[in-house]
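Chemist: Below you'll find target_28.tsv; it's TSV, C-alpha atoms and all ligand atoms.
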```tsv
chain	number	residue	atom	x	y	z
A	7	MET	CA	-26.33	-9.48	-20.66
A	8	ARG	CA	-25.89	-11.78	-23.64
A	9	GLU	CA	-28.33	-10.49	-26.15
A	10	VAL	CA	-30.83	-7.70	-26.73
A	11	ILE	CA	-33.91	-9.01	-28.52
A	12	PRO	CA	-36.16	-6.33	-29.99
A	13	VAL	CA	-39.83	-7.25	-29.86
A	14	GLU	CA	-40.67	-7.37	-33.53
A	15	ARG	CA	-43.99	-9.12	-33.71
A	16	LEU	CA	-46.16	-6.50	-32.11
A	17	VAL	CA	-49.91	-6.96	-31.89
A	18	SER	CA	-50.44	-3.26	-31.27
A	19	SER	CA	-48.66	-0.32	-29.72
A	20	SER	CA	-49.15	3.37	-28.95
A	21	GLU	CA	-47.41	5.94	-26.80
A	22	THR	CA	-49.05	4.47	-23.71
A	23	HIS	CA	-49.17	0.75	-24.36
A	24	VAL	CA	-47.57	-2.18	-26.16
A	25	THR	CA	-48.99	-5.63	-26.80
A	26	TRP	CA	-46.87	-8.48	-28.08
A	27	ARG	CA	-47.31	-12.16	-28.69
A	28	THR	CA	-46.73	-14.41	-25.72
A	29	GLU	CA	-45.58	-17.33	-27.90
A	30	ASP	CA	-42.29	-15.48	-28.51
A	31	PHE	CA	-41.86	-15.20	-24.75
A	32	VAL	CA	-42.60	-18.89	-24.33
A	33	ARG	CA	-39.96	-19.80	-26.91
A	34	LEU	CA	-37.46	-17.52	-25.20
A	35	ALA	CA	-38.16	-19.13	-21.81
A	36	GLY	CA	-37.40	-22.51	-23.38
A	37	ARG	CA	-34.09	-21.24	-24.70
A	38	CYS	CA	-33.19	-19.74	-21.30
A	39	GLU	CA	-33.91	-23.07	-19.64
A	40	ARG	CA	-31.58	-24.89	-22.06
A	41	GLU	CA	-28.76	-22.33	-21.91
A	42	GLY	CA	-28.88	-21.36	-18.22
A	43	LEU	CA	-30.01	-17.80	-18.93
A	44	THR	CA	-32.86	-15.65	-17.70
A	45	ILE	CA	-35.15	-12.96	-19.10
A	46	LEU	CA	-35.30	-9.25	-18.39
A	47	ILE	CA	-38.02	-7.20	-20.08
A	48	ALA	CA	-37.32	-3.55	-20.81
A	49	HIS	CA	-39.86	-0.92	-21.77
A	50	SER	CA	-40.25	2.84	-21.61
A	51	HIS	CA	-42.90	5.19	-20.30
A	52	PRO	CA	-44.00	8.58	-21.58
A	53	PRO	CA	-43.32	11.65	-19.37
A	54	GLY	CA	-45.31	11.76	-16.15
A	55	PHE	CA	-45.30	8.01	-15.52
A	56	GLU	CA	-42.08	7.49	-13.62
A	57	ASN	CA	-42.72	4.11	-12.09
A	58	PHE	CA	-44.13	0.70	-12.93
A	59	SER	CA	-47.90	0.96	-13.43
A	60	PRO	CA	-50.60	-1.34	-12.02
A	61	ARG	CA	-51.00	-2.48	-15.61
A	62	ASP	CA	-47.30	-3.43	-15.71
A	63	ASP	CA	-47.81	-5.42	-12.52
A	64	ARG	CA	-50.69	-7.38	-14.01
A	65	SER	CA	-49.24	-7.95	-17.46
A	66	GLU	CA	-45.77	-9.00	-16.24
A	67	LYS	CA	-46.99	-11.39	-13.59
A	68	ARG	CA	-48.34	-14.12	-15.88
A	69	PRO	CA	-45.42	-14.51	-18.29
A	70	PHE	CA	-42.87	-14.27	-15.46
A	71	ALA	CA	-44.78	-16.88	-13.40
A	72	TYR	CA	-44.48	-19.16	-16.43
A	73	ALA	CA	-40.76	-18.41	-16.94
A	74	LEU	CA	-39.86	-18.81	-13.25
A	75	ASP	CA	-41.63	-22.15	-13.15
A	76	LYS	CA	-39.73	-23.29	-16.23
A	77	LEU	CA	-36.34	-22.04	-15.03
A	78	GLY	CA	-36.68	-23.89	-11.73
A	79	GLU	CA	-35.68	-23.27	-8.14
A	80	GLY	CA	-33.85	-20.07	-7.36
A	81	ALA	CA	-34.62	-18.49	-10.73
A	82	ILE	CA	-34.87	-14.70	-10.95
A	83	CYS	CA	-36.34	-12.70	-13.83
A	84	GLY	CA	-36.39	-8.95	-14.11
A	85	SER	CA	-37.89	-5.91	-15.71
A	86	LEU	CA	-36.41	-2.54	-16.44
A	87	LEU	CA	-38.26	0.70	-16.95
A	88	MET	CA	-36.64	3.51	-18.93
A	89	ARG	CA	-38.10	6.81	-17.76
A	90	SER	CA	-38.49	9.88	-19.89
A	91	ASP	CA	-35.78	11.63	-17.83
A	92	ARG	CA	-33.39	8.81	-18.88
A	93	ARG	CA	-33.21	7.37	-15.38
A	94	LEU	CA	-33.83	3.68	-14.86
A	95	VAL	CA	-36.15	1.84	-12.49
A	96	ALA	CA	-35.82	-1.90	-12.11
A	97	ARG	CA	-37.32	-4.81	-10.27
A	98	VAL	CA	-36.89	-8.55	-10.07
A	99	TRP	CA	-39.52	-11.25	-10.19
A	100	LEU	CA	-39.23	-14.14	-7.75
A	101	ASP	CA	-41.09	-17.39	-7.32
A	102	GLU	CA	-43.16	-19.04	-4.54
A	103	PRO	CA	-45.20	-16.98	-4.34
A	104	VAL	CA	-44.71	-15.09	-7.60
A	105	ARG	CA	-43.89	-11.54	-6.59
A	106	CYS	CA	-41.72	-8.60	-7.56
A	107	ALA	CA	-39.15	-6.73	-5.51
A	108	SER	CA	-37.57	-3.35	-6.19
A	109	ILE	CA	-33.90	-3.01	-7.00
A	110	ASP	CA	-32.04	-0.65	-4.67
A	111	GLN	CA	-29.26	0.26	-7.01
A	112	ILE	CA	-28.69	0.29	-10.76
A	113	THR	CA	-25.19	0.62	-12.15
A	114	THR	CA	-24.39	1.68	-15.69
A	115	ILE	CA	-20.83	1.08	-16.82
A	116	GLY	CA	-19.64	2.72	-20.02
A	117	SER	CA	-17.39	5.64	-20.86
A	118	ARG	CA	-19.19	7.21	-17.88
A	119	TRP	CA	-20.32	5.40	-14.76
A	120	ARG	CA	-23.71	5.96	-13.22
A	121	PHE	CA	-24.69	4.51	-9.86
A	122	GLU	CA	-28.37	5.12	-9.24
A	123	PHE	CA	-29.53	4.53	-5.69
A	124	ARG	CA	-33.12	4.40	-4.49
A	125	ALA	CA	-32.16	5.97	-1.18
A	126	VAL	CA	-31.41	9.70	-1.24
A	127	ALA	CA	-28.02	10.78	0.09
A	128	GLN	CA	-27.84	13.49	2.72
A	129	ASP	CA	-26.32	16.82	1.89
A	130	ARG	CA	-22.98	17.28	3.65
A	131	PRO	CA	-21.91	20.86	4.31
A	132	THR	CA	-18.35	19.67	4.98
A	133	LEU	CA	-17.99	18.89	1.29
A	134	GLN	CA	-19.45	22.16	0.07
A	135	ARG	CA	-16.38	23.43	-1.78
A	136	GLN	CA	-16.11	20.16	-3.65
A	137	ALA	CA	-19.71	20.58	-4.86
A	138	LEU	CA	-18.79	24.05	-6.14
A	139	ALA	CA	-16.14	22.43	-8.33
A	140	LEU	CA	-17.79	19.20	-9.41
A	141	GLY	CA	-21.50	19.97	-9.24
A	142	ALA	CA	-24.13	19.49	-6.57
A	143	GLY	CA	-24.88	15.93	-7.63
A	144	PHE	CA	-21.32	14.73	-7.16
A	145	ASN	CA	-21.34	14.61	-3.36
A	146	ALA	CA	-24.65	12.75	-3.39
A	147	HIS	CA	-23.18	10.29	-5.87
A	148	VAL	CA	-19.96	9.48	-3.97
A	149	GLY	CA	-21.85	9.72	-0.67
A	150	GLN	CA	-23.46	6.35	-1.44
A	151	LEU	CA	-20.54	4.68	-3.13
A	152	ARG	CA	-18.78	1.58	-1.81
A	153	VAL	CA	-15.17	1.33	-2.84
A	154	ALA	CA	-12.66	-1.43	-2.17
A	155	VAL	CA	-8.96	-0.63	-1.97
A	156	VAL	CA	-6.89	-3.75	-2.43
A	157	GLY	CA	-3.36	-3.23	-1.18
A	158	CYS	CA	-2.77	-0.73	1.64
A	159	GLY	CA	0.84	0.07	0.83
A	160	ALA	CA	2.21	3.27	-0.67
A	161	THR	CA	-0.40	3.76	-3.43
A	162	GLY	CA	-3.26	2.05	-1.56
A	163	SER	CA	-2.91	4.11	1.63
A	164	ALA	CA	-2.82	7.30	-0.46
A	165	ALA	CA	-5.84	6.25	-2.56
A	166	ALA	CA	-7.87	5.29	0.54
A	167	MET	CA	-7.16	8.64	2.24
A	168	LEU	CA	-8.11	10.54	-0.90
A	169	LEU	CA	-11.32	8.52	-1.34
A	170	ALA	CA	-12.33	9.07	2.29
A	171	ARG	CA	-11.83	12.83	1.98
A	172	LEU	CA	-13.68	12.83	-1.34
A	173	GLY	CA	-16.72	11.69	0.63
A	174	VAL	CA	-16.98	8.01	-0.34
A	175	ALA	CA	-19.55	6.31	1.91
A	176	HIS	CA	-17.92	2.94	2.49
A	177	LEU	CA	-14.39	1.68	2.10
A	178	VAL	CA	-13.21	-1.90	2.22
A	179	LEU	CA	-9.45	-2.12	2.81
A	180	VAL	CA	-7.67	-5.35	1.98
A	181	ASP	CA	-4.06	-6.15	2.85
A	182	ALA	CA	-2.43	-9.13	4.55
A	183	ASP	CA	0.77	-7.29	5.47
A	184	ILE	CA	1.95	-5.56	8.65
A	185	VAL	CA	3.53	-2.13	9.06
A	186	ASP	CA	7.33	-2.15	9.16
A	187	VAL	CA	9.65	0.78	9.97
A	188	THR	CA	10.92	0.71	6.38
A	189	ASN	CA	7.33	1.46	5.19
A	190	LEU	CA	6.88	4.61	7.28
A	191	HIS	CA	8.36	6.95	4.68
A	192	ARG	CA	5.55	6.17	2.25
A	193	LEU	CA	2.50	4.86	4.18
A	194	HIS	CA	-0.21	7.43	4.79
A	195	GLY	CA	-1.67	7.17	8.28
A	196	ALA	CA	1.01	4.90	9.77
A	197	THR	CA	3.20	5.82	12.74
A	198	GLN	CA	6.28	4.53	14.54
A	199	GLY	CA	3.96	3.08	17.17
A	200	ASP	CA	2.18	0.98	14.51
A	201	ALA	CA	5.50	-0.37	13.28
A	202	ASP	CA	6.69	-1.15	16.82
A	203	ALA	CA	3.46	-3.02	17.54
A	204	GLY	CA	3.58	-4.83	14.19
A	205	ARG	CA	0.01	-3.75	13.40
A	206	LYS	CA	-1.78	-4.79	10.23
A	207	LYS	CA	-1.64	-2.20	7.44
A	208	ALA	CA	-5.39	-2.47	6.80
A	209	ASP	CA	-6.25	-1.87	10.48
A	210	VAL	CA	-3.89	1.09	10.75
A	211	LEU	CA	-5.41	2.73	7.70
A	212	ARG	CA	-8.96	2.06	8.92
A	213	ASP	CA	-8.20	3.81	12.22
A	214	ALA	CA	-6.50	6.73	10.50
A	215	ILE	CA	-9.57	7.26	8.28
A	216	ALA	CA	-11.91	7.03	11.29
A	217	GLU	CA	-9.94	9.86	12.89
A	218	LEU	CA	-10.69	12.13	9.94
A	219	GLY	CA	-14.28	12.28	11.23
A	220	LEU	CA	-15.85	12.47	7.76
A	221	GLY	CA	-18.30	9.65	8.39
A	222	CYS	CA	-16.68	7.19	6.01
A	223	LYS	CA	-17.48	3.64	7.13
A	224	VAL	CA	-14.41	1.44	6.82
A	225	ARG	CA	-13.99	-2.28	6.98
A	226	ALA	CA	-10.47	-3.69	7.15
A	227	VAL	CA	-9.74	-7.22	5.99
A	228	SER	CA	-6.26	-8.56	6.70
A	229	ALA	CA	-5.96	-11.24	4.05
A	230	PHE	CA	-4.80	-11.85	0.51
A	231	VAL	CA	-7.36	-10.80	-2.08
A	232	GLU	CA	-7.89	-14.33	-3.40
A	233	SER	CA	-8.78	-15.75	0.01
A	234	PRO	CA	-12.48	-16.67	0.42
A	235	ILE	CA	-13.04	-14.30	3.38
A	236	VAL	CA	-12.35	-11.29	1.13
A	237	ARG	CA	-14.80	-12.22	-1.62
A	238	ASP	CA	-18.10	-10.97	-0.19
A	239	ALA	CA	-16.56	-7.74	1.02
A	240	ILE	CA	-15.17	-6.97	-2.43
A	241	ARG	CA	-18.23	-8.09	-4.36
A	242	SER	CA	-20.38	-5.71	-2.31
A	243	CYS	CA	-18.41	-2.73	-3.66
A	244	ASP	CA	-19.24	-0.56	-6.65
A	245	VAL	CA	-15.67	0.19	-7.68
A	246	VAL	CA	-12.39	-1.54	-6.83
A	247	PHE	CA	-8.98	0.09	-6.61
A	248	SER	CA	-6.18	-2.33	-7.36
A	249	CYS	CA	-3.15	-0.95	-5.51
A	250	THR	CA	-1.31	-4.18	-5.00
A	251	ASP	CA	2.15	-4.88	-6.36
A	252	ASP	CA	1.50	-8.59	-6.28
A	253	HIS	CA	0.71	-10.19	-9.59
A	254	LEU	CA	-1.59	-12.91	-8.29
A	255	GLY	CA	-3.80	-10.28	-6.65
A	256	ARG	CA	-3.83	-8.28	-9.88
A	257	ALA	CA	-4.83	-11.35	-11.87
A	258	VAL	CA	-7.79	-11.93	-9.52
A	259	LEU	CA	-9.02	-8.32	-9.73
A	260	ASN	CA	-8.50	-8.36	-13.49
A	261	ARG	CA	-11.09	-11.14	-13.77
A	262	LEU	CA	-13.40	-9.54	-11.22
A	263	ALA	CA	-13.96	-6.51	-13.47
A	264	TYR	CA	-15.43	-8.71	-16.20
A	265	PHE	CA	-17.19	-11.40	-14.13
A	266	TYR	CA	-18.99	-8.97	-11.83
A	267	LEU	CA	-19.12	-5.82	-14.02
A	268	GLN	CA	-17.33	-4.07	-11.19
A	269	PRO	CA	-14.99	-1.50	-12.65
A	270	VAL	CA	-11.42	-1.87	-11.40
A	271	ILE	CA	-8.93	1.01	-11.37
A	272	ASP	CA	-5.46	-0.50	-11.37
A	273	VAL	CA	-2.57	1.79	-10.41
A	274	GLY	CA	1.13	1.15	-10.38
A	275	VAL	CA	4.46	2.96	-10.39
A	276	VAL	CA	7.65	1.74	-12.03
A	277	LEU	CA	10.99	3.17	-10.89
A	278	ARG	CA	14.22	2.06	-12.51
A	279	LEU	CA	17.81	3.09	-12.03
A	280	THR	CA	20.63	3.46	-14.50
A	281	GLU	CA	22.98	0.48	-14.77
A	282	ASP	CA	25.54	2.00	-12.38
A	283	LYS	CA	22.61	2.74	-10.01
A	284	SER	CA	23.69	6.37	-9.80
A	285	ARG	CA	20.34	7.93	-10.79
A	286	LEU	CA	16.77	7.28	-11.85
A	287	SER	CA	16.36	6.30	-15.49
A	288	HIS	CA	12.62	5.60	-15.56
A	289	VAL	CA	9.80	6.84	-13.31
A	290	VAL	CA	6.32	6.21	-14.65
A	291	GLY	CA	2.97	6.16	-12.88
A	292	ARG	CA	0.02	4.40	-14.49
A	293	ALA	CA	-3.74	4.32	-13.94
A	294	THR	CA	-5.73	1.73	-15.91
A	295	VAL	CA	-9.51	1.31	-15.95
A	296	LEU	CA	-10.72	-2.28	-16.37
A	297	GLN	CA	-14.27	-2.93	-17.48
A	298	PRO	CA	-16.02	-4.87	-20.24
A	299	ASP	CA	-15.19	-3.21	-23.61
A	300	ALA	CA	-11.68	-2.30	-22.38
A	301	PRO	CA	-8.60	-4.53	-22.72
A	302	CYS	CA	-7.60	-6.48	-19.62
A	303	LEU	CA	-4.23	-6.42	-17.82
A	304	TRP	CA	-3.04	-9.56	-19.60
A	305	CYS	CA	-3.64	-7.94	-22.99
A	306	ARG	CA	-1.85	-4.80	-21.77
A	307	GLY	CA	1.17	-6.81	-20.62
A	308	THR	CA	0.80	-5.54	-17.04
A	309	ILE	CA	0.77	-8.95	-15.37
A	310	ASP	CA	4.07	-10.83	-15.41
A	311	VAL	CA	3.46	-14.57	-15.58
A	312	ARG	CA	6.74	-15.41	-13.78
A	313	LYS	CA	5.97	-13.04	-10.92
A	314	LEU	CA	2.45	-14.49	-10.77
A	315	ALA	CA	3.96	-17.96	-10.39
A	316	SER	CA	6.30	-16.79	-7.64
A	317	ASP	CA	3.42	-15.06	-5.78
A	318	SER	CA	1.41	-18.31	-5.96
A	319	ALA	CA	4.38	-20.32	-4.69
A	320	ARG	CA	4.97	-17.92	-1.79
A	321	ARG	CA	1.33	-18.21	-0.63
A	322	GLY	CA	0.77	-21.89	-1.33
A	323	ASP	CA	4.08	-23.46	-0.34
A	324	PRO	CA	6.30	-21.02	1.59
A	325	GLU	CA	9.03	-23.64	2.22
A	326	THR	CA	9.57	-24.39	-1.44
A	327	TYR	CA	9.44	-20.68	-2.15
A	328	GLU	CA	12.22	-19.93	0.37
A	329	ARG	CA	14.36	-22.72	-1.07
A	330	LEU	CA	13.90	-21.47	-4.64
A	331	LYS	CA	14.65	-17.93	-3.50
A	332	ALA	CA	17.86	-19.08	-1.77
A	333	GLU	CA	18.88	-20.88	-4.93
A	334	GLY	CA	18.27	-17.74	-6.97
A	335	TYR	CA	15.31	-19.06	-8.94
A	336	ILE	CA	12.91	-16.33	-7.86
A	337	LEU	CA	13.40	-13.15	-9.82
A	338	GLY	CA	13.96	-9.95	-7.93
A	339	ALA	CA	13.13	-11.40	-4.51
A	340	GLY	CA	15.20	-10.13	-1.66
A	341	ASP	CA	16.32	-6.80	-3.04
A	342	PRO	CA	13.85	-4.09	-2.03
A	343	SER	CA	12.53	-2.08	-4.97
A	344	PRO	CA	13.01	1.70	-5.01
A	345	ALA	CA	10.03	3.79	-3.84
A	346	VAL	CA	9.33	7.48	-3.15
A	347	ILE	CA	6.12	8.75	-1.57
A	348	THR	CA	5.65	11.64	-3.99
A	349	PHE	CA	5.55	9.33	-7.00
A	350	THR	CA	3.31	6.72	-5.35
A	351	THR	CA	0.90	9.33	-3.96
A	352	GLU	CA	0.65	11.16	-7.27
A	353	THR	CA	-0.09	7.88	-9.04
A	354	ALA	CA	-2.79	7.02	-6.49
A	355	SER	CA	-4.24	10.45	-7.18
A	356	MET	CA	-4.29	9.68	-10.91
A	357	GLY	CA	-6.45	6.65	-10.13
A	358	VAL	CA	-8.88	8.69	-8.03
A	359	VAL	CA	-9.05	11.32	-10.78
A	360	GLU	CA	-10.17	8.52	-13.16
A	361	LEU	CA	-13.05	7.81	-10.78
A	362	ILE	CA	-14.02	11.49	-10.76
A	363	GLN	CA	-13.81	11.58	-14.55
A	364	ARG	CA	-16.12	8.57	-14.92
A	365	LEU	CA	-18.64	10.05	-12.51
A	366	THR	CA	-18.63	13.63	-13.81
A	367	GLY	CA	-16.99	13.78	-17.23
A	368	PHE	CA	-15.15	16.91	-16.05
A	369	ARG	CA	-12.47	16.52	-18.72
A	370	GLY	CA	-15.03	17.08	-21.44
A	371	HIS	CA	-15.75	15.18	-24.61
A	372	GLY	CA	-13.04	13.32	-26.46
A	373	MET	CA	-10.91	12.95	-23.34
A	374	HIS	CA	-11.83	9.33	-22.73
A	375	ALA	CA	-8.97	6.90	-22.12
A	376	ASN	CA	-8.73	3.62	-20.25
A	377	GLN	CA	-5.04	3.96	-19.51
A	378	ARG	CA	-2.99	6.99	-18.61
A	379	TYR	CA	0.71	7.31	-17.85
A	380	ARG	CA	2.60	10.02	-16.01
A	381	HIS	CA	6.24	10.24	-17.07
A	382	PHE	CA	7.84	11.92	-14.07
A	383	LEU	CA	11.31	12.41	-15.59
A	384	GLU	CA	9.97	13.90	-18.82
A	385	GLY	CA	7.24	15.91	-17.07
A	386	GLU	CA	4.48	14.74	-19.39
A	387	ASP	CA	1.42	12.52	-19.54
A	388	SER	CA	0.42	10.06	-22.22
A	389	ILE	CA	-2.49	7.82	-23.06
A	390	GLY	CA	-1.89	4.08	-23.45
A	391	GLY	CA	-3.23	2.62	-26.66
A	392	SER	CA	-3.83	-1.11	-26.44
A	393	SER	CA	-6.41	-3.56	-27.67
A	394	SER	CA	-7.67	-6.97	-26.59
A	395	GLU	CA	-5.77	-9.97	-27.92
A	396	ALA	CA	-8.16	-11.92	-30.15
A	397	THR	CA	-7.49	-15.06	-28.11
A	398	CYS	CA	-7.97	-13.49	-24.65
A	399	ARG	CA	-10.58	-15.49	-22.73
A	400	ILE	CA	-11.18	-12.69	-20.24
A	401	CYS	CA	-11.73	-9.53	-22.24
A	402	ALA	CA	-11.92	-10.36	-25.96
A	403	ARG	CA	-15.17	-12.29	-25.85
A	404	PRO	CA	-18.22	-11.73	-23.67
A	405	ASN	CA	-18.30	-15.31	-22.36
A	406	TYR	CA	-17.13	-14.20	-18.90
A	407	TRP	CA	-18.92	-10.86	-18.79
A	408	ALA	CA	-21.41	-10.61	-15.95
A	409	ARG	CA	-21.13	-14.30	-15.13
A	410	GLY	CA	-21.14	-13.46	-11.42
A	411	ASP	CA	-20.72	-16.39	-9.06
A	412	VAL	CA	-19.23	-19.47	-10.71
A	413	ASP	CA	-17.44	-22.45	-9.24
A	414	PRO	CA	-14.46	-22.18	-8.92
A	415	PHE	CA	-14.51	-18.46	-8.05
A	416	LEU	CA	-13.79	-16.42	-11.21
A	417	ASP	CA	-13.19	-19.75	-13.01
A	418	MET	CA	-9.67	-19.54	-11.64
A	419	ALA	CA	-7.49	-22.25	-10.15
A	420	LEU	CA	-6.20	-20.69	-6.93
B	1	ZN	ZN	-45.08	0.19	-18.11
B	2	ZN	ZN	-7.51	-9.58	-22.23
```
Kindly transcribe the structure held in the file into structure tokens.
Ligand SMILES: [Zn+2]
Ligand SMILES: [Zn+2]

Modeler:
Amino acid sequence: MREVIPVERLVSSSETHVTWRTEDFVRLAGRCEREGLTILIAHSHPPGFENFSPRDDRSEKRPFAYALDKLGEGAICGSLLMRSDRRLVARVWLDEPVRCASIDQITTIGSRWRFEFRAVAQDRPTLQRQALALGAGFNAHVGQLRVAVVGCGATGSAAAMLLARLGVAHLVLVDADIVDVTNLHRLHGATQGDADAGRKKADVLRDAIAELGLGCKVRAVSAFVESPIVRDAIRSCDVVFSCTDDHLGRAVLNRLAYFYLQPVIDVGVVLRLTEDKSRLSHVVGRATVLQPDAPCLWCRGTIDVRKLASDSARRGDPETYERLKAEGYILGAGDPSPAVITFTTETASMGVVELIQRLTGFRGHGMHANQRYRHFLEGEDSIGGSSSEATCRICARPNYWARGDVDPFLDMAL
């Protein structure tokens, strides 16, 4: 949404009606045609009138027929009804013939997230004790949620297992990698047999979740996140968990949060050793929420531009990458980085807790933060203060917000 335009030149209005001048609408349709925008009309109803009225149908049809004709083929307009119970009802207007269609789901992204579905979720007795803790509405809420987990390694496999047990309806698991014996000490759901067979991490995790028997529908996609076959699967999700340690993947998901208004929860763990490598000097888990109005990963310094370049080289031109690696030009390649399942699992859990917080507000008022750290050596948590760089094209200005499908995808050279 670019702009909210209050209707100022009212002809008349009361608690049950509003009449405004159509010439303002006509002028707005002209502007939308020039700037590639569209129109959504919002109005409210008094208590007792919880849906669009026959009068709404009649009075919206004519101006929207005009606007759709002006905006040309494929145009979509919309209208939004704010009910007295603060819930939203929405519909779109389409052309040829001019008609309206209900919206199945409305998402509100702010300090809290609200996913309103037209369909009613079924009550699940298996999740009863969770409802006792988080409220009866919570299970219904997550029971319709679609969540993508990008990266099915140490943090991703933990996050996916937690989300499935939380009662999430659909999971999309994305990872191009296969299970190796050196992963088994930190991959949830993976076995020696999977490593011996060289099975894909995403497939292994999908099967492990199916065995839980909680009814979570899982789709596994064995590919890198930027590849075209992953796009539709990810765009169909409500929330995305970024559990990848690759910087190209992170850069893609970073943009996704702003282009598609899909909140992204990015998690990561950093382990460092003392210079003589005798003990841990730094163990920090991080969970960051990305959404419009919050700083992006570039502004937070989370994406390393050199690692991004080396990830791109590895995918695009593996031969050159191997040569550069052999010549020592690729930083950190070759030496495996330290990892311990307790730290990665706890960090994944921090990310899932952020989802619960956004859905329920269980932490209470004043506990809102877009980035949290867990300092394992110090035994304390902190909140990351950071702001958008004034020059950031992704998060500082709304030019990319809610742009949706553009060519190239995410306006990114991949
Ligand atoms: Zn109405
Ligand atoms: Zn930014």

Chemist: For ligand ZN 1 (chain B), which residue out of A:Ile45, A:Leu86, A:Ala229, A:Cys305 is the nearest one, using all atoms listed in the file?

Modeler: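 Among the listed residues, A:Leu86 lies closest to ligand ZN 1 (chain B).
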
Chemist: Taking 2 positions as the minimum chain separation for residues in the same chain, which residues sit within 12 Å of Arg212 in chain A when counting all atoms listed in the file? Answer as a ChimeraX atom specification.

Modeler: /A:155,158,162-163,166-167,170,176-181,194-196,205-210,214-219,222-228

Chemist: Kindly assemble as a Markdown table a list of the chain A residues that lie within 8 Å of ligand ZN 2 (chain B), each paired with its nearest atom pair and their distance in Å to one decimal, using all atoms listed in the file, sorted first by chain and then by ascending residue number.

Modeler:
```
| residue | atom | partner | partner_atom | distance |
| --- | --- | --- | --- | --- |
| A:Pro301 | CA | B:ZN2 | ZN | 5.2 |
| A:Cys302 | CA | B:ZN2 | ZN | 4.1 |
| A:Leu303 | CA | B:ZN2 | ZN | 6.3 |
| A:Trp304 | CA | B:ZN2 | ZN | 5.2 |
| A:Cys305 | CA | B:ZN2 | ZN | 4.3 |
| A:Arg306 | CA | B:ZN2 | ZN | 7.4 |
| A:Ser394 | CA | B:ZN2 | ZN | 5.1 |
| A:Glu395 | CA | B:ZN2 | ZN | 6.0 |
| A:Cys398 | CA | B:ZN2 | ZN | 4.6 |
| A:Arg399 | CA | B:ZN2 | ZN | 6.7 |
| A:Ile400 | CA | B:ZN2 | ZN | 5.2 |
| A:Cys401 | CA | B:ZN2 | ZN | 4.2 |
| A:Ala402 | CA | B:ZN2 | ZN | 5.8 |
```

Chemist: Please identify every residue of chain A that has at least one atom no farther than 9 Å from an atom of ligand ZN 1 (chain B), counting all atoms listed in the file, and for each give the shortest atom pair and the distance in Å to one decimal, arranged by chain then increasing number, as a Markdown table.

Modeler:
```
| residue | atom | partner | partner_atom | distance |
| --- | --- | --- | --- | --- |
| A:Thr22 | CA | B:ZN1 | ZN | 8.1 |
| A:His23 | CA | B:ZN1 | ZN | 7.5 |
| A:Val24 | CA | B:ZN1 | ZN | 8.8 |
| A:His49 | CA | B:ZN1 | ZN | 6.5 |
| A:Ser50 | CA | B:ZN1 | ZN | 6.5 |
| A:His51 | CA | B:ZN1 | ZN | 5.9 |
| A:Phe55 | CA | B:ZN1 | ZN | 8.2 |
| A:Asn57 | CA | B:ZN1 | ZN | 7.6 |
| A:Phe58 | CA | B:ZN1 | ZN | 5.3 |
| A:Ser59 | CA | B:ZN1 | ZN | 5.5 |
| A:Pro60 | CA | B:ZN1 | ZN | 8.4 |
| A:Arg61 | CA | B:ZN1 | ZN | 7.0 |
| A:Asp62 | CA | B:ZN1 | ZN | 4.9 |
| A:Asp63 | CA | B:ZN1 | ZN | 8.4 |
| A:Leu87 | CA | B:ZN1 | ZN | 6.9 |
```

Chemist: Just give me the gap between CA of Ser108 in chain A and CA of Leu262 in chain A in Å, one decimal is fine.

Modeler: 25.5 Å

Chemist: So that I can check the surroundings of range 347-351 of chain A, please list as a compact mmCIF listing (two decimals) with C-alpha atoms, in the coordinates of the input every protein, DNA and RNA residue that reaches within 12 Å of it, counting only C-alpha atoms and ignoring chain neighbours fewer than 2 positions away.

Modeler:
```txt
# COMPACT_ATOMS: atom_id res chain seq x y z
CA CYS A 158 -2.77 -0.73 1.64
CA GLY A 159 0.84 0.07 0.83
CA ALA A 160 2.21 3.27 -0.67
CA THR A 161 -0.40 3.76 -3.43
CA GLY A 162 -3.26 2.05 -1.56
CA SER A 163 -2.91 4.11 1.63
CA ALA A 164 -2.82 7.30 -0.46
CA ALA A 165 -5.84 6.25 -2.56
CA ALA A 166 -7.87 5.29 0.54
CA MET A 167 -7.16 8.64 2.24
CA LEU A 168 -8.11 10.54 -0.90
CA ASN A 189 7.33 1.46 5.19
CA LEU A 190 6.88 4.61 7.28
CA HIS A 191 8.36 6.95 4.68
CA ARG A 192 5.55 6.17 2.25
CA LEU A 193 2.50 4.86 4.18
CA HIS A 194 -0.21 7.43 4.79
CA CYS A 249 -3.15 -0.95 -5.51
CA THR A 250 -1.31 -4.18 -5.00
CA ASP A 251 2.15 -4.88 -6.36
CA VAL A 273 -2.57 1.79 -10.41
CA GLY A 274 1.13 1.15 -10.38
CA VAL A 275 4.46 2.96 -10.39
CA VAL A 276 7.65 1.74 -12.03
CA LEU A 277 10.99 3.17 -10.89
CA HIS A 288 12.62 5.60 -15.56
CA VAL A 289 9.80 6.84 -13.31
CA VAL A 290 6.32 6.21 -14.65
CA GLY A 291 2.97 6.16 -12.88
CA ARG A 292 0.02 4.40 -14.49
CA ALA A 293 -3.74 4.32 -13.94
CA PRO A 344 13.01 1.70 -5.01
CA ALA A 345 10.03 3.79 -3.84
CA THR A 353 -0.09 7.88 -9.04
CA ALA A 354 -2.79 7.02 -6.49
CA SER A 355 -4.24 10.45 -7.18
CA MET A 356 -4.29 9.68 -10.91
CA GLY A 357 -6.45 6.65 -10.13
CA VAL A 358 -8.88 8.69 -8.03
CA ARG A 380 2.60 10.02 -16.01
CA HIS A 381 6.24 10.24 -17.07
CA PHE A 382 7.84 11.92 -14.07
CA LEU A 383 11.31 12.41 -15.59
```
